[in-house]
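data-v6.csv follows (CSV, C-alpha atoms (C1' of nucleotides)):
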```csv
chain,number,residue,atom,x,y,z
N,1,MET,CA,-1.2,39.3,3.2
N,2,LEU,CA,0.4,35.8,3.0
N,3,GLU,CA,3.9,37.1,3.2
N,4,HIS,CA,5.3,37.4,6.6
N,5,SER,CA,8.7,35.9,6.0
N,6,MET,CA,10.0,33.4,8.5
N,7,SER,CA,12.5,33.6,11.3
N,8,GLU,CA,15.4,31.2,11.6
N,9,LYS,CA,13.7,29.5,14.5
N,10,GLU,CA,10.5,29.1,12.6
N,11,LEU,CA,12.4,27.8,9.6
N,12,ARG,CA,14.1,25.2,11.8
N,13,ARG,CA,10.9,24.1,13.2
N,14,LEU,CA,9.3,23.8,9.8
N,15,THR,CA,12.2,21.8,8.6
N,16,LYS,CA,11.8,19.4,11.5
N,17,SER,CA,8.1,19.0,10.7
N,18,PHE,CA,9.0,18.0,7.2
N,19,GLY,CA,11.6,15.6,8.6
N,20,ALA,CA,9.0,14.0,10.7
N,21,LEU,CA,7.0,13.2,7.6
N,22,HIS,CA,9.9,12.0,5.7
N,23,SER,CA,9.3,8.3,6.2
N,24,VAL,CA,6.9,5.9,4.5
N,25,LEU,CA,6.3,4.1,7.7
N,26,ARG,CA,5.3,7.3,9.5
N,27,LEU,CA,2.9,8.2,6.7
N,28,ARG,CA,1.4,4.7,7.1
N,29,ILE,CA,1.1,5.3,10.8
N,30,LEU,CA,-0.8,8.5,10.1
N,31,ALA,CA,-3.0,6.8,7.6
N,32,ALA,CA,-3.8,4.1,10.1
N,33,LEU,CA,-4.6,6.7,12.8
N,34,ALA,CA,-6.8,8.5,10.3
N,35,ALA,CA,-8.6,5.2,9.6
N,36,GLY,CA,-9.4,4.9,13.3
N,37,GLU,CA,-6.7,2.9,14.9
N,38,SER,CA,-5.4,4.1,18.1
N,39,ASN,CA,-3.3,2.0,20.4
N,40,VAL,CA,0.2,0.9,19.7
N,41,ARG,CA,-0.4,-2.9,19.7
N,42,ASP,CA,-3.0,-2.5,16.9
N,43,LEU,CA,-0.7,-0.4,14.9
N,44,GLU,CA,2.1,-2.9,15.5
N,45,THR,CA,-0.1,-5.7,14.1
N,46,THR,CA,-1.5,-3.7,11.2
N,47,LEU,CA,1.8,-2.3,10.1
N,48,ARG,CA,3.9,-5.3,10.8
N,49,VAL,CA,6.8,-3.6,12.5
N,50,SER,CA,8.6,-4.2,15.7
N,51,GLN,CA,7.2,-2.4,18.8
N,52,PRO,CA,10.3,-0.3,19.6
N,53,LEU,CA,10.5,0.9,16.0
N,54,LEU,CA,6.9,1.9,16.1
N,55,SER,CA,7.3,3.5,19.4
N,56,TRP,CA,10.2,5.5,18.1
N,57,HIS,CA,8.4,6.8,15.1
N,58,LEU,CA,5.4,7.6,17.2
N,59,THR,CA,7.7,9.7,19.4
N,60,GLN,CA,8.9,11.6,16.4
N,61,LEU,CA,5.4,12.3,15.3
N,62,ARG,CA,4.4,13.3,18.8
N,63,GLN,CA,7.4,15.7,19.2
N,64,THR,CA,6.4,17.5,16.1
N,65,GLY,CA,2.8,17.7,17.1
N,66,PHE,CA,1.2,15.6,14.4
N,67,VAL,CA,-0.1,13.1,16.8
N,68,VAL,CA,-1.1,13.3,20.5
N,69,ALA,CA,-0.9,10.5,23.0
N,70,GLU,CA,-3.1,9.7,25.9
N,71,ARG,CA,-2.7,7.0,28.5
N,72,VAL,CA,-5.8,4.8,28.9
N,73,GLY,CA,-5.2,2.1,31.5
N,74,ARG,CA,-2.0,0.4,30.5
N,75,GLU,CA,-2.5,1.3,26.9
N,76,VAL,CA,-1.5,4.5,25.2
N,77,HIS,CA,-3.9,5.8,22.6
N,78,TYR,CA,-2.6,7.9,19.8
N,79,ARG,CA,-4.6,10.2,17.6
N,80,LEU,CA,-4.0,12.7,14.9
N,81,ASN,CA,-3.8,16.4,15.6
N,82,PRO,CA,-5.4,18.0,12.6
N,83,GLU,CA,-4.3,21.4,13.8
N,84,ALA,CA,-0.7,20.5,13.3
N,85,PHE,CA,-1.4,19.7,9.6
N,86,ARG,CA,-3.2,23.0,9.2
N,87,GLU,CA,-0.3,24.9,10.7
N,88,LEU,CA,2.0,23.1,8.4
N,89,ALA,CA,0.0,24.2,5.4
N,90,ASP,CA,-0.1,27.7,6.7
N,91,ASN,CA,3.6,27.8,7.1
N,92,ILE,CA,4.1,26.5,3.5
N,93,GLU,CA,1.9,29.3,2.3
N,94,ILE,CA,3.9,31.8,4.3
N,95,LEU,CA,7.3,30.4,3.2
N,96,VAL,CA,6.6,30.3,-0.5
N,97,GLY,CA,4.1,33.1,-0.7
N,98,ILE,CA,1.4,31.2,-2.5
N,99,SER,CA,-2.1,30.1,-1.7
N,100,LEU,CA,-2.7,26.4,-1.3
N,101,SER,CA,-6.3,26.4,-2.1
N,102,ASP,CA,-7.4,25.8,-5.6
N,103,GLU,CA,-8.0,29.4,-6.7
N,104,GLY,CA,-5.8,30.6,-9.5
N,105,GLY,CA,-6.8,28.1,-12.2
N,106,ARG,CA,-5.7,24.6,-11.5
N,107,SER,CA,-6.9,21.3,-13.0
N,108,GLY,CA,-7.9,22.1,-16.5
N,109,GLY,CA,-6.4,25.5,-17.2
N,110,LYS,CA,-5.5,26.7,-20.6
N,111,SER,CA,-2.7,24.7,-22.0
N,112,LYS,CA,-0.8,26.5,-24.8
N,113,SER,CA,1.2,23.6,-26.2
J,1,MET,CA,-14.8,13.0,-0.5
J,2,LEU,CA,-11.4,13.6,0.8
J,3,GLU,CA,-10.7,9.9,1.5
J,4,HIS,CA,-9.1,8.0,-1.3
J,5,SER,CA,-6.4,6.3,0.6
J,6,MET,CA,-3.0,6.2,-1.1
J,7,SER,CA,-1.1,3.5,-2.9
J,8,GLU,CA,2.3,2.4,-1.9
J,9,LYS,CA,3.7,4.3,-4.9
J,10,GLU,CA,2.0,7.5,-3.9
J,11,LEU,CA,3.1,7.1,-0.3
J,12,ARG,CA,6.7,6.8,-1.5
J,13,ARG,CA,6.4,9.8,-3.7
J,14,LEU,CA,4.9,11.8,-0.9
J,15,THR,CA,7.6,10.7,1.5
J,16,LYS,CA,10.2,11.9,-1.0
J,17,SER,CA,8.5,15.3,-1.3
J,18,PHE,CA,8.7,15.7,2.5
J,19,GLY,CA,12.3,14.7,2.3
J,20,ALA,CA,13.0,17.4,-0.2
J,21,LEU,CA,11.7,19.9,2.3
J,22,HIS,CA,13.6,18.5,5.2
J,23,SER,CA,16.4,21.0,5.1
J,24,VAL,CA,16.8,24.5,6.4
J,25,LEU,CA,18.9,25.5,3.5
J,26,ARG,CA,16.3,24.2,1.0
J,27,LEU,CA,13.6,26.2,2.7
J,28,ARG,CA,15.8,29.2,2.5
J,29,ILE,CA,16.3,28.6,-1.2
J,30,LEU,CA,12.5,28.4,-1.6
J,31,ALA,CA,12.1,31.6,0.3
J,32,ALA,CA,14.7,33.3,-1.8
J,33,LEU,CA,13.0,32.2,-5.0
J,34,ALA,CA,9.7,33.4,-3.6
J,35,ALA,CA,11.3,36.7,-3.0
J,36,GLY,CA,12.3,37.0,-6.6
J,37,GLU,CA,15.8,35.6,-6.9
J,38,SER,CA,16.3,33.3,-9.8
J,39,ASN,CA,19.8,32.4,-10.9
J,40,VAL,CA,22.2,30.2,-9.1
J,41,ARG,CA,24.9,32.8,-8.6
J,42,ASP,CA,22.6,35.2,-6.8
J,43,LEU,CA,21.4,32.5,-4.6
J,44,GLU,CA,25.0,31.5,-3.8
J,45,THR,CA,25.7,35.0,-2.7
J,46,THR,CA,22.5,35.5,-0.8
J,47,LEU,CA,22.6,32.3,1.0
J,48,ARG,CA,26.4,32.1,1.5
J,49,VAL,CA,26.9,28.5,0.5
J,50,SER,CA,29.2,26.9,-2.0
J,51,GLN,CA,28.1,26.5,-5.5
J,52,PRO,CA,28.1,22.7,-5.7
J,53,LEU,CA,26.1,22.5,-2.5
J,54,LEU,CA,23.5,24.9,-3.8
J,55,SER,CA,23.4,23.0,-7.0
J,56,TRP,CA,22.8,19.8,-5.3
J,57,HIS,CA,20.0,21.1,-3.2
J,58,LEU,CA,18.4,22.7,-6.3
J,59,THR,CA,18.6,19.4,-8.0
J,60,GLN,CA,16.7,17.8,-5.1
J,61,LEU,CA,14.0,20.5,-5.3
J,62,ARG,CA,13.8,20.1,-9.0
J,63,GLN,CA,13.5,16.4,-8.9
J,64,THR,CA,10.5,16.6,-6.6
J,65,GLY,CA,8.9,19.3,-8.7
J,66,PHE,CA,9.0,22.2,-6.2
J,67,VAL,CA,11.1,24.3,-8.5
J,68,VAL,CA,11.6,24.3,-12.2
J,69,ALA,CA,14.8,25.3,-14.1
J,70,GLU,CA,15.2,27.1,-17.3
J,71,ARG,CA,18.4,27.8,-19.2
J,72,VAL,CA,18.9,31.4,-20.2
J,73,GLY,CA,22.1,32.0,-21.9
J,74,ARG,CA,24.8,30.5,-19.7
J,75,GLU,CA,22.7,31.0,-16.6
J,76,VAL,CA,20.0,28.7,-15.3
J,77,HIS,CA,17.0,30.4,-13.8
J,78,TYR,CA,15.1,28.7,-11.2
J,79,ARG,CA,11.6,29.4,-10.1
J,80,LEU,CA,9.0,28.0,-7.8
J,81,ASN,CA,6.4,25.6,-9.0
J,82,PRO,CA,3.3,26.5,-7.0
J,83,GLU,CA,1.4,23.6,-8.3
J,84,ALA,CA,3.8,21.2,-6.5
J,85,PHE,CA,2.9,22.8,-3.2
J,86,ARG,CA,-0.8,22.6,-3.9
J,87,GLU,CA,-0.4,18.9,-4.8
J,88,LEU,CA,1.5,18.4,-1.6
J,89,ALA,CA,-1.3,20.0,0.4
J,90,ASP,CA,-3.9,17.8,-1.4
J,91,ASN,CA,-1.9,14.7,-0.6
J,92,ILE,CA,-1.8,15.6,3.0
J,93,GLU,CA,-5.5,16.0,3.0
J,94,ILE,CA,-6.0,12.7,1.4
J,95,LEU,CA,-3.5,10.9,3.7
J,96,VAL,CA,-4.9,12.1,7.0
J,97,GLY,CA,-8.5,12.7,5.9
J,98,ILE,CA,-8.7,16.3,7.0
J,99,SER,CA,-9.3,19.6,5.5
J,100,LEU,CA,-6.4,22.0,5.6
J,101,SER,CA,-8.6,25.1,5.1
J,102,ASP,CA,-9.7,26.9,8.2
J,103,GLU,CA,-13.2,25.6,8.4
J,104,GLY,CA,-14.0,23.4,11.4
J,105,GLY,CA,-13.4,26.0,14.1
J,106,ARG,CA,-9.8,26.9,14.4
J,107,SER,CA,-8.3,29.9,16.2
J,108,GLY,CA,-10.6,30.7,19.0
J,109,GLY,CA,-12.9,27.7,19.3
J,110,LYS,CA,-14.5,26.8,22.5
J,111,SER,CA,-12.0,25.7,25.1
J,112,LYS,CA,-13.5,23.6,27.9
J,113,SER,CA,-10.4,23.6,30.1
I,1,DG,C1',39.7,27.8,-32.4
I,2,DT,C1',41.0,29.5,-26.8
I,3,DA,C1',39.6,31.8,-22.6
I,4,DA,C1',36.3,32.8,-19.2
I,5,DC,C1',32.0,32.2,-17.0
I,6,DA,C1',27.9,29.6,-15.0
I,7,DT,C1',26.3,25.4,-13.4
I,8,DA,C1',26.4,20.3,-12.8
I,9,DT,C1',28.4,15.9,-11.5
I,10,DA,C1',31.5,12.6,-9.0
I,11,DA,C1',34.1,10.8,-5.3
I,12,DA,C1',35.4,10.9,-0.6
I,13,DC,C1',34.1,12.0,3.8
I,14,DT,C1',31.0,13.5,7.7
I,15,DT,C1',26.8,13.8,9.9
I,16,DT,C1',22.1,12.5,10.6
I,17,DT,C1',18.5,9.2,10.8
I,18,DA,C1',16.5,4.5,10.9
I,19,DT,C1',16.6,-0.2,12.6
I,20,DT,C1',17.5,-3.9,15.7
I,21,DT,C1',18.2,-6.1,20.1
I,22,DA,C1',18.1,-5.8,24.9
I,23,DT,C1',16.3,-3.7,28.9
I,24,DG,C1',13.5,-0.6,31.9
I,25,DG,C1',9.1,1.7,33.7
I,26,DA,C1',4.2,1.8,34.3
I,27,DT,C1',-0.2,-0.4,34.9
I,28,DT,C1',-3.5,-4.1,35.8
I,29,DA,C1',-4.6,-9.0,37.4
I,30,DC,C1',-3.9,-12.0,40.8
H,1,DG,C1',3.6,-8.7,47.0
H,2,DT,C1',4.5,-11.5,41.8
H,3,DA,C1',3.4,-12.2,37.1
H,4,DA,C1',1.8,-10.4,32.9
H,5,DT,C1',0.9,-6.7,29.6
H,6,DC,C1',1.9,-2.5,27.2
H,7,DC,C1',4.9,0.9,25.9
H,8,DA,C1',9.3,3.6,26.2
H,9,DT,C1',14.2,4.1,26.2
H,10,DA,C1',19.2,2.9,25.5
H,11,DA,C1',23.1,1.1,23.1
H,12,DA,C1',24.9,-0.8,19.0
H,13,DT,C1',24.7,-1.1,14.1
H,14,DA,C1',23.1,-0.1,9.4
H,15,DA,C1',21.5,3.0,6.1
H,16,DA,C1',20.7,7.5,4.2
H,17,DA,C1',21.5,12.3,3.5
H,18,DG,C1',24.5,16.4,3.6
H,19,DT,C1',29.0,18.6,2.7
H,20,DT,C1',33.4,19.3,0.7
H,21,DT,C1',36.9,19.3,-2.9
H,22,DA,C1',38.0,18.4,-7.4
H,23,DT,C1',36.5,18.1,-12.1
H,24,DA,C1',33.4,18.1,-16.1
H,25,DT,C1',29.8,20.2,-19.2
H,26,DG,C1',27.7,23.9,-21.6
H,27,DT,C1',27.6,28.7,-23.1
H,28,DT,C1',29.3,33.3,-24.4
H,29,DA,C1',33.3,36.4,-25.6
H,30,DC,C1',37.1,36.9,-28.3
```

Rewrite the structure of this file - the entire thing - as structure tokens.
Amino acid sequence: MLEHSMSEKELRRLTKSFGALHSVLRLRILAALAAGESNVRDLETTLRVSQPLLSWHLTQLRQTGFVVAERVGREVHYRLNPEAFRELADNIEILVGISLSDEGGRSGGKSKS
Amino acid sequence: MLEHSMSEKELRRLTKSFGALHSVLRLRILAALAAGESNVRDLETTLRVSQPLLSWHLTQLRQTGFVVAERVGREVHYRLNPEAFRELADNIEILVGISLSDEGGRSGGKSKS
DNA sequence: GTAACATATAAACTTTTATTTATGGATTAC
DNA sequence: GTAATCCATAAATAAAAGTTTATATGTTAC
């Protein structure tokens, strides 16, 4: 197990996922959401970026499933979607045929010069 | 554990890693390497891309650590670096504060409509 | 040494993505 | 209803990344 090989469609989707994470600002957004922030205004203040820019990046993250949005009154609350990150990890494992968990001797293995 | 929060430098590095994977061709390269291919000419034939293009993408993958190159005669053999993918997964876990392994009730949890 | 092969690099060009500025849509307060 | 708030979208511009074509570097064969 671990080796299914991926279809073109799956490859494209995976590529897009990586693209969504290819941005320092977007990673900051994710970190802020992980830290408990939720609505756009708070993020705007915390991250010091313009509202449209933030909105655009949130849209990218939403379209790739890493965050989900929910309207609450006139605010929109964003939160992480952990499942998307797990799927990403799964797909990496399938793509390169390796296990991402620490088995196999990491951190302190034998070093032969 | 799991929540270290990342420095700016680490964020930038992580961003670059995602960028290196933001390409269908590069994912195909990784898949081909996972399937056992190694030298550039074989990849060129398998993937049907020009040699300079392939070389450029391999350079990107090398610079981000996902593959390593080794000169063998006049060929250069590339191979995956599994450690880089594990580090990537670790960093995702740190960034968003979640576990990427299947604990926590995935695939078939309770669904309350 | 020269020729041939395998890969890398550089320069010019094309395409994609990010950022700004301006405007629109949805919701609540009045 | 109007005004105010919160967020999204559109258009224009700027920046980054990918692709091609041409050339250079390093290695083996002779």

Inset, instruction - Select all residues near (-3.7, 10.1, 3.6) (cut-off 10 Å, inclusive, file coordinates), counting all atoms listed in the file, and output them as a list in words. - result: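 These residues have at least one counted atom within 10 Å: Leu27, Arg28, Ile29, Leu30, Ala31, Ala32, Leu33, Ala34 and Ala35 of chain N; Leu2, Glu3, His4, Ser5, Met6, Ser7, Glu10, Leu11, Leu14, Asp90, Asn91, Ile92, Glu93, Ile94, Leu95, Val96, Gly97 and Ile98 of chain J.
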
Taking all atoms listed in the file into account, produce a table as a tab-separated table in which each residue of chain I with an atom at most 12 Å from an atom of chain N appears once, together with its shortest atom pair and the distance in Å to one decimal, ordered by chain and rising number.
```
residue	atom	partner	partner_atom	distance
I:DT16	C1'	N:Gly19	CA	11.1
I:DT17	C1'	N:Gly19	CA	9.7
I:DA18	C1'	N:Leu53	CA	8.7
I:DT19	C1'	N:Leu53	CA	7.1
I:DT20	C1'	N:Leu53	CA	8.5
I:DT21	C1'	N:Pro52	CA	9.8
I:DA22	C1'	N:Pro52	CA	10.9
I:DT23	C1'	N:Pro52	CA	11.6
I:DG25	C1'	N:Arg74	CA	11.6
I:DA26	C1'	N:Arg74	CA	7.4
I:DT27	C1'	N:Arg74	CA	4.8
I:DT28	C1'	N:Arg74	CA	7.1
I:DA29	C1'	N:Arg74	CA	11.9
```

Inset, instruction - Using all atoms listed in the file, select each residue of chain H with any atom at most 10 Å away from an atom of chain J, and give the selection as a ChimeraX atom specification. - result: /H:17-21,26-28

Inset, instruction - Mind checking which residues fall within 8 Å of I:DT7, counting all atoms listed in the file, ignoring those fewer than 5 positions away in the same chain, and posting them as number ranges by chain? - result: J: 40, 55, 75-76

Inset, instruction - Grab the atom CA of J:Arg79 to atom CA of J:Ser99 distance for me, in Å with one decimal place. - result: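 Separating atom CA of J:Arg79 from atom CA of J:Ser99 is a distance of 27.9 Å.
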
Legend entry - Residue nearest chain J - candidates N:Leu43, N:Arg71, N:Phe66, N:Leu61, atoms counted: all atoms listed in the file: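 Nearest candidate to chain J out of N:Leu43, N:Arg71, N:Phe66, N:Leu61: N:Phe66.
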
Legend entry - atom CA of N:Gln63 to atom CA of N:Leu80, distance in Å rounded to a single decimal: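 Computed distance, atom CA of N:Gln63 to atom CA of N:Leu80, equals 12.5 Å.
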
Inset, instruction - Work out how far apart atom CA of J:Thr15 and atom CA of N:Leu21 are and give it in Å to one decimal. - result: 6.6 Å

Inset, instruction - Pick out the closest residue to chain J from this set: N:His77, N:Arg86, N:Arg26, N:Arg62. Count all atoms listed in the file. - result: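 When distances to chain J are compared using all atoms listed in the file, the smallest one comes from N:Arg86.
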
Inset, instruction - Considering only C-alpha atoms, state which residue in the set N:Arg41, N:Glu70, N:Arg13, N:Phe18 is at the smallest distance from chain J. - result: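 Checking each candidate against chain J, we get N:Phe18 as the closest.
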